[in-house]
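K.L.:
What follows is the file model.cif, containing mmCIF, C-alpha atoms:
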data_my_file
#
loop_
_atom_site.group_PDB
_atom_site.id
_atom_site.type_symbol
_atom_site.label_atom_id
_atom_site.label_comp_id
_atom_site.auth_asym_id
_atom_site.auth_seq_id
_atom_site.Cartn_x
_atom_site.Cartn_y
_atom_site.Cartn_z
ATOM 1 C CA MET A 1 9.885 11.707 81.156
ATOM 2 C CA ARG A 2 8.696 8.654 79.232
ATOM 3 C CA ILE A 3 8.277 5.126 80.652
ATOM 4 C CA LEU A 4 8.135 2.013 78.482
ATOM 5 C CA CYS A 5 5.240 -0.014 79.912
ATOM 6 C CA PRO A 6 5.496 -3.731 79.019
ATOM 7 C CA TYR A 7 1.771 -3.788 78.120
ATOM 8 C CA CYS A 8 0.981 -0.290 76.828
ATOM 9 C CA GLY A 9 4.233 0.780 75.206
ATOM 10 C CA GLU A 10 5.980 4.098 75.753
ATOM 11 C CA ARG A 11 3.837 6.438 77.853
ATOM 12 C CA ASP A 12 4.193 9.804 79.555
ATOM 13 C CA ALA A 13 5.152 9.678 83.236
ATOM 14 C CA HIS A 14 1.947 11.580 84.138
ATOM 15 C CA GLU A 15 0.026 8.324 83.585
ATOM 16 C CA PHE A 16 1.928 6.728 86.482
ATOM 17 C CA SER A 17 2.147 7.119 90.258
ATOM 18 C CA ILE A 18 5.400 6.477 92.063
ATOM 19 C CA ARG A 19 5.477 4.381 95.233
ATOM 20 C CA GLY A 20 9.164 4.594 96.057
ATOM 21 C CA GLU A 21 12.459 2.829 96.007
ATOM 22 C CA ALA A 22 12.536 -0.922 95.405
ATOM 23 C CA PRO A 23 12.848 -3.121 97.301
ATOM 24 C CA MET A 24 10.855 -1.319 99.932
ATOM 25 C CA THR A 25 11.166 -2.799 103.405
ATOM 26 C CA ARG A 26 9.285 -1.556 106.431
ATOM 27 C CA PRO A 27 11.179 -1.314 109.712
ATOM 28 C CA VAL A 28 9.787 -2.598 112.995
ATOM 29 C CA VAL A 29 8.632 0.442 114.970
ATOM 30 C CA ILE A 30 6.905 -1.160 117.942
ATOM 31 C CA GLY A 31 8.452 -0.054 121.218
ATOM 32 C CA VAL A 32 10.617 2.754 119.798
ATOM 33 C CA PRO A 33 10.204 6.487 120.531
ATOM 34 C CA MET A 34 7.627 8.248 118.354
ATOM 35 C CA ALA A 35 10.189 10.481 116.580
ATOM 36 C CA GLU A 36 12.252 7.438 115.566
ATOM 37 C CA ALA A 37 9.158 5.558 114.386
ATOM 38 C CA VAL A 38 8.003 8.505 112.260
ATOM 39 C CA ALA A 39 11.471 8.901 110.724
ATOM 40 C CA ALA A 40 11.739 5.162 110.027
ATOM 41 C CA LEU A 41 8.357 5.066 108.282
ATOM 42 C CA HIS A 42 8.452 8.335 106.335
ATOM 43 C CA ASP A 43 12.067 9.282 105.609
ATOM 44 C CA ARG A 44 13.365 7.785 102.388
ATOM 45 C CA ARG A 45 16.826 7.537 100.916
ATOM 46 C CA ASN A 46 17.255 9.721 97.864
ATOM 47 C CA PRO A 47 20.705 8.851 96.533
ATOM 48 C CA PRO A 48 21.755 10.564 93.306
ATOM 49 C CA GLY A 49 22.262 8.248 90.381
ATOM 50 C CA ARG A 50 20.647 5.088 89.137
ATOM 51 C CA THR A 51 17.931 3.401 91.179
ATOM 52 C CA ARG A 52 14.954 1.034 90.887
ATOM 53 C CA GLU A 53 11.501 2.246 91.909
ATOM 54 C CA PHE A 54 7.941 0.959 92.061
ATOM 55 C CA TRP A 55 5.566 2.787 89.685
ATOM 56 C CA TYR A 56 1.822 2.155 89.181
ATOM 57 C CA HIS A 57 0.280 2.626 85.724
ATOM 58 C CA GLY A 58 -3.092 3.853 86.938
ATOM 59 C CA ALA A 59 -4.080 5.617 83.698
ATOM 60 C CA GLY A 60 -3.285 2.553 81.623
ATOM 61 C CA CYS A 61 -3.081 -1.176 82.284
ATOM 62 C CA ARG A 62 -3.121 -0.745 86.102
ATOM 63 C CA SER A 63 0.047 -2.785 86.511
ATOM 64 C CA TRP A 64 2.845 -2.259 89.021
ATOM 65 C CA LEU A 65 6.246 -1.806 87.390
ATOM 66 C CA LEU A 66 9.851 -1.775 88.507
ATOM 67 C CA VAL A 67 11.388 1.211 86.729
ATOM 68 C CA ASP A 68 15.157 1.552 86.422
ATOM 69 C CA ARG A 69 16.060 5.260 86.135
ATOM 70 C CA ASP A 70 18.624 7.910 86.993
ATOM 71 C CA LEU A 71 17.433 10.344 89.670
ATOM 72 C CA ARG A 72 19.722 13.127 88.405
ATOM 73 C CA THR A 73 18.768 13.070 84.723
ATOM 74 C CA HIS A 74 15.401 11.231 84.891
ATOM 75 C CA GLU A 75 16.643 8.965 82.101
ATOM 76 C CA VAL A 76 14.665 5.708 82.124
ATOM 77 C CA PHE A 77 16.713 2.597 81.333
ATOM 78 C CA GLY A 78 13.845 0.113 81.395
ATOM 79 C CA ALA A 79 10.730 -1.139 83.130
ATOM 80 C CA THR A 80 9.527 -4.618 84.015
ATOM 81 C CA LEU A 81 6.418 -5.991 85.690
ATOM 82 C CA ALA A 82 6.743 -5.978 89.471
ATOM 83 C CA SER A 83 4.732 -9.159 90.016
ATOM 84 C CA GLY A 84 5.985 -10.933 93.118
ATOM 85 C CA ALA A 85 8.194 -7.994 94.149
ATOM 86 C CA PHE A 86 5.963 -6.774 96.990
#
Step by step, read the file and then write its structure as C-alpha coordinates.
P.N.:
Amino acid sequence: MRILCPYCGERDAHEFSIRGEAPMTRPVVIGVPMAEAVAALHDRRNPPGRTREFWYHGAGCRSWLLVDRDLRTHEVFGATLASGAF
(Lines of atoms letter the chains of each structure in order from A and count residues from 1; the text may use other names and numbers.)
(Lines give C-alpha, C1' and ligand atoms only; values in the text may rest on other atoms or scores of the structure.)
Protein backbone atom coordinates (compact mmCIF):
# COMPACT_ATOMS: atom_id res chain seq x y z
CA MET A 1 0.00 0.00 0.00
CA ARG A 2 1.28 3.47 -0.88
CA ILE A 3 0.34 6.73 0.89
CA LEU A 4 0.79 10.15 -0.68
CA CYS A 5 2.32 12.28 2.09
CA PRO A 6 1.75 16.03 1.52
CA TYR A 7 5.41 16.73 2.42
CA CYS A 8 7.35 13.65 1.32
CA GLY A 9 5.40 12.44 -1.69
CA GLU A 10 4.28 8.87 -2.31
CA ARG A 11 5.71 6.52 0.31
CA ASP A 12 5.33 2.90 1.35
CA ALA A 13 2.87 2.26 4.18
CA HIS A 14 5.67 0.69 6.27
CA GLU A 15 6.96 4.22 6.95
CA PHE A 16 3.72 5.03 8.80
CA SER A 17 1.97 3.97 12.00
CA ILE A 18 -1.80 3.86 12.18
CA ARG A 19 -3.65 5.35 15.14
CA GLY A 20 -7.21 4.51 14.17
CA GLU A 21 -10.43 5.80 12.79
CA ALA A 22 -10.98 9.55 12.56
CA PRO A 23 -12.50 11.33 14.30
CA MET A 24 -11.53 9.39 17.38
CA THR A 25 -13.60 10.21 20.44
CA ARG A 26 -13.01 8.73 23.87
CA PRO A 27 -16.05 7.68 25.89
CA VAL A 28 -16.49 8.56 29.55
CA VAL A 29 -15.73 5.42 31.54
CA ILE A 30 -15.82 6.71 35.11
CA GLY A 31 -18.38 4.86 37.20
CA VAL A 32 -19.11 2.07 34.70
CA PRO A 33 -18.33 -1.64 35.20
CA MET A 34 -14.78 -2.64 34.28
CA ALA A 35 -15.83 -4.87 31.34
CA GLU A 36 -17.80 -2.00 29.78
CA ALA A 37 -14.94 0.45 30.32
CA VAL A 38 -12.42 -1.91 28.69
CA ALA A 39 -14.73 -2.50 25.72
CA ALA A 40 -15.40 1.23 25.32
CA LEU A 41 -11.69 2.08 25.32
CA HIS A 42 -10.29 -0.80 23.26
CA ASP A 43 -12.97 -2.08 20.88
CA ARG A 44 -13.01 -0.25 17.57
CA ARG A 45 -15.47 -0.22 14.72
CA ASN A 46 -14.10 -1.89 11.62
CA PRO A 47 -16.73 -1.28 8.95
CA PRO A 48 -15.92 -2.55 5.45
CA GLY A 49 -15.56 0.14 2.85
CA ARG A 50 -14.22 3.66 2.77
CA THR A 51 -13.05 5.32 5.97
CA ARG A 52 -10.77 8.08 7.28
CA GLU A 53 -7.93 7.19 9.65
CA PHE A 54 -5.12 8.90 11.52
CA TRP A 55 -1.64 7.84 10.34
CA TYR A 56 1.75 9.05 11.65
CA HIS A 57 4.69 9.38 9.25
CA GLY A 58 7.37 8.43 11.75
CA ALA A 59 9.99 7.39 9.17
CA GLY A 60 9.59 10.63 7.25
CA CYS A 61 8.39 14.13 8.08
CA ARG A 62 6.86 13.07 11.44
CA SER A 63 3.49 14.56 10.55
CA TRP A 64 0.05 13.24 11.45
CA LEU A 65 -2.15 12.62 8.41
CA LEU A 66 -5.80 11.92 7.76
CA VAL A 67 -5.80 9.10 5.21
CA ASP A 68 -8.91 8.31 3.19
CA ARG A 69 -8.85 4.62 2.18
CA ASP A 70 -10.96 1.54 1.53
CA LEU A 71 -10.59 -1.13 4.23
CA ARG A 72 -11.51 -3.94 1.81
CA THR A 73 -9.09 -3.13 -1.01
CA HIS A 74 -6.56 -0.91 0.84
CA GLU A 75 -6.89 1.61 -1.99
CA VAL A 76 -5.80 5.05 -0.77
CA PHE A 77 -7.88 7.94 -2.12
CA GLY A 78 -5.87 10.74 -0.53
CA ALA A 79 -4.12 12.09 2.54
CA THR A 80 -4.13 15.50 4.19
CA LEU A 81 -2.39 16.97 7.21
CA ALA A 82 -4.31 16.27 10.41
CA SER A 83 -3.40 19.56 12.10
CA GLY A 84 -6.19 20.59 14.44
CA ALA A 85 -8.00 17.25 14.08
CA PHE A 86 -7.03 15.88 17.50
K.L.:
Closest to Asn46 in chain A among A:Pro6, A:Pro27, A:Gly78, A:Gly20, using all atoms listed in the file?
P.N.:
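Under the stated criterion, the closest residue is A:Gly20.
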K.L.:
Determine the residue membership of the PyMOL selection byres ((chain A and resi 16) around 6) for the file above and supply it as a tab-separated table (two decimals) with C-alpha atoms, in the coordinates of the input.
P.N.:
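Wrote it out as selection-v7.tsv, contents follow:
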chain	number	residue	atom	x	y	z
A	13	ALA	CA	5.15	9.68	83.24
A	14	HIS	CA	1.95	11.58	84.14
A	15	GLU	CA	0.03	8.32	83.58
A	17	SER	CA	2.15	7.12	90.26
A	56	TYR	CA	1.82	2.15	89.18
A	57	HIS	CA	0.28	2.63	85.72
A	58	GLY	CA	-3.09	3.85	86.94
K.L.:
Check which residues satisfy the PyMOL selection byres ((chain A and resi 65) around 7) in the file shown, then give them as number ranges by chain.
P.N.:
A: 54-56, 63-64, 66-67, 79-82
K.L.:
State, in Å with one decimal place, the distance from CA of Asp70 in chain A to CA of Arg52 in chain A.
P.N.:
8.7 Å
K.L.:
Could you list the residues chosen by the PyMOL selection byres ((chain A and resi 21) around 12) in this structure as a list in words?
P.N.:
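With the shown file as input, the PyMOL selection byres ((chain A and resi 21) around 12) matches Ile18, Arg19, Gly20, Ala22, Pro23, Met24, Thr25, Arg26, Asp43, Arg44, Arg45, Asn46, Pro47, Arg50, Thr51, Arg52, Glu53, Phe54, Trp55, Leu65, Leu66, Val67, Asp68, Arg69, Leu71, Ala85 and Phe86 of chain A.
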K.L.:
Emit as lines of an AutoDock Vina configuration file the padded axis-aligned box for all listed atoms of range 11-15 of chain A, 3 Å per side, with centre and edge lengths in Å to one decimal.
P.N.:
center_x = 2.6
center_y = 9.0
center_z = 81.0
size_x = 11.1
size_y = 11.1
size_z = 12.3
K.L.:
Counting only C-alpha atoms, figure out which residue out of A:Arg2, A:His42, A:Arg11, A:Arg72 gets nearest to Gly60 in chain A.
P.N.:
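Ranking A:Arg2, A:His42, A:Arg11, A:Arg72 by distance to Gly60 in chain A, first place goes to A:Arg11.
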K.L.:
For CA of Glu75 in chain A and CA of Cys5 in chain A, quote the distance in Å rounded to one decimal.
P.N.:
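Separation between CA of Glu75 in chain A and CA of Cys5 in chain A: 14.7 Å.
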K.L.:
Figure out the distance between CA of Met1 in chain A and CA of Phe77 in chain A, please, to one decimal in Å.
P.N.:
11.4 Å
K.L.:
For range 13-32 of chain A, supply N, CA and C atoms and report the output as a PDB file, in the frame of the given file.
P.N.:
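File produced: part.pdb:
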ATOM      1  N   ALA A  13       5.074   9.981  81.804  1.00  0.00           N
ATOM      2  CA  ALA A  13       5.152   9.678  83.236  1.00  0.00           C
ATOM      3  C   ALA A  13       3.913  10.156  84.001  1.00  0.00           C
ATOM      4  N   HIS A  14       3.152  11.093  83.454  1.00  0.00           N
ATOM      5  CA  HIS A  14       1.947  11.580  84.138  1.00  0.00           C
ATOM      6  C   HIS A  14       0.870  10.507  84.257  1.00  0.00           C
ATOM      7  N   GLU A  15       0.989   9.427  83.485  1.00  0.00           N
ATOM      8  CA  GLU A  15       0.026   8.324  83.585  1.00  0.00           C
ATOM      9  C   GLU A  15       0.329   7.407  84.767  1.00  0.00           C
ATOM     10  N   PHE A  16       1.454   7.619  85.429  1.00  0.00           N
ATOM     11  CA  PHE A  16       1.928   6.728  86.482  1.00  0.00           C
ATOM     12  C   PHE A  16       1.952   7.431  87.835  1.00  0.00           C
ATOM     13  N   SER A  17       1.929   6.641  88.885  1.00  0.00           N
ATOM     14  CA  SER A  17       2.147   7.119  90.258  1.00  0.00           C
ATOM     15  C   SER A  17       3.354   6.381  90.805  1.00  0.00           C
ATOM     16  N   ILE A  18       4.205   7.103  91.516  1.00  0.00           N
ATOM     17  CA  ILE A  18       5.400   6.477  92.063  1.00  0.00           C
ATOM     18  C   ILE A  18       5.135   6.048  93.501  1.00  0.00           C
ATOM     19  N   ARG A  19       5.611   4.873  93.854  1.00  0.00           N
ATOM     20  CA  ARG A  19       5.477   4.381  95.233  1.00  0.00           C
ATOM     21  C   ARG A  19       6.759   4.600  96.014  1.00  0.00           C
ATOM     22  N   GLY A  20       7.890   4.386  95.377  1.00  0.00           N
ATOM     23  CA  GLY A  20       9.164   4.594  96.057  1.00  0.00           C
ATOM     24  C   GLY A  20      10.200   3.579  95.641  1.00  0.00           C
ATOM     25  N   GLU A  21      11.309   3.658  96.324  1.00  0.00           N
ATOM     26  CA  GLU A  21      12.459   2.829  96.007  1.00  0.00           C
ATOM     27  C   GLU A  21      12.151   1.343  96.194  1.00  0.00           C
ATOM     28  N   ALA A  22      12.701   0.526  95.318  1.00  0.00           N
ATOM     29  CA  ALA A  22      12.536  -0.922  95.405  1.00  0.00           C
ATOM     30  C   ALA A  22      13.881  -1.554  95.730  1.00  0.00           C
ATOM     31  N   PRO A  23      13.961  -2.565  96.529  1.00  0.00           N
ATOM     32  CA  PRO A  23      12.848  -3.121  97.301  1.00  0.00           C
ATOM     33  C   PRO A  23      12.540  -2.243  98.503  1.00  0.00           C
ATOM     34  N   MET A  24      11.284  -2.138  98.811  1.00  0.00           N
ATOM     35  CA  MET A  24      10.855  -1.319  99.932  1.00  0.00           C
ATOM     36  C   MET A  24      10.619  -2.228 101.135  1.00  0.00           C
ATOM     37  N   THR A  25      11.346  -2.014 102.186  1.00  0.00           N
ATOM     38  CA  THR A  25      11.166  -2.799 103.405  1.00  0.00           C
ATOM     39  C   THR A  25      10.708  -1.873 104.520  1.00  0.00           C
ATOM     40  N   ARG A  26       9.809  -2.338 105.312  1.00  0.00           N
ATOM     41  CA  ARG A  26       9.285  -1.556 106.431  1.00  0.00           C
ATOM     42  C   ARG A  26       9.995  -1.960 107.717  1.00  0.00           C
ATOM     43  N   PRO A  27      10.522  -0.998 108.450  1.00  0.00           N
ATOM     44  CA  PRO A  27      11.179  -1.314 109.712  1.00  0.00           C
ATOM     45  C   PRO A  27      10.171  -1.632 110.807  1.00  0.00           C
ATOM     46  N   VAL A  28      10.617  -2.336 111.821  1.00  0.00           N
ATOM     47  CA  VAL A  28       9.787  -2.598 112.995  1.00  0.00           C
ATOM     48  C   VAL A  28       9.839  -1.358 113.876  1.00  0.00           C
ATOM     49  N   VAL A  29       8.671  -0.803 114.202  1.00  0.00           N
ATOM     50  CA  VAL A  29       8.632   0.442 114.970  1.00  0.00           C
ATOM     51  C   VAL A  29       7.921   0.282 116.312  1.00  0.00           C
ATOM     52  N   ILE A  30       7.576  -0.927 116.661  1.00  0.00           N
ATOM     53  CA  ILE A  30       6.905  -1.160 117.942  1.00  0.00           C
ATOM     54  C   ILE A  30       7.929  -1.014 119.061  1.00  0.00           C
ATOM     55  N   GLY A  31       7.596  -0.215 120.052  1.00  0.00           N
ATOM     56  CA  GLY A  31       8.452  -0.054 121.218  1.00  0.00           C
ATOM     57  C   GLY A  31       9.586   0.943 121.053  1.00  0.00           C
ATOM     58  N   VAL A  32       9.585   1.729 119.958  1.00  0.00           N
ATOM     59  CA  VAL A  32      10.617   2.754 119.798  1.00  0.00           C
ATOM     60  C   VAL A  32       9.977   4.124 120.000  1.00  0.00           C
TER      61      VAL A  32
END
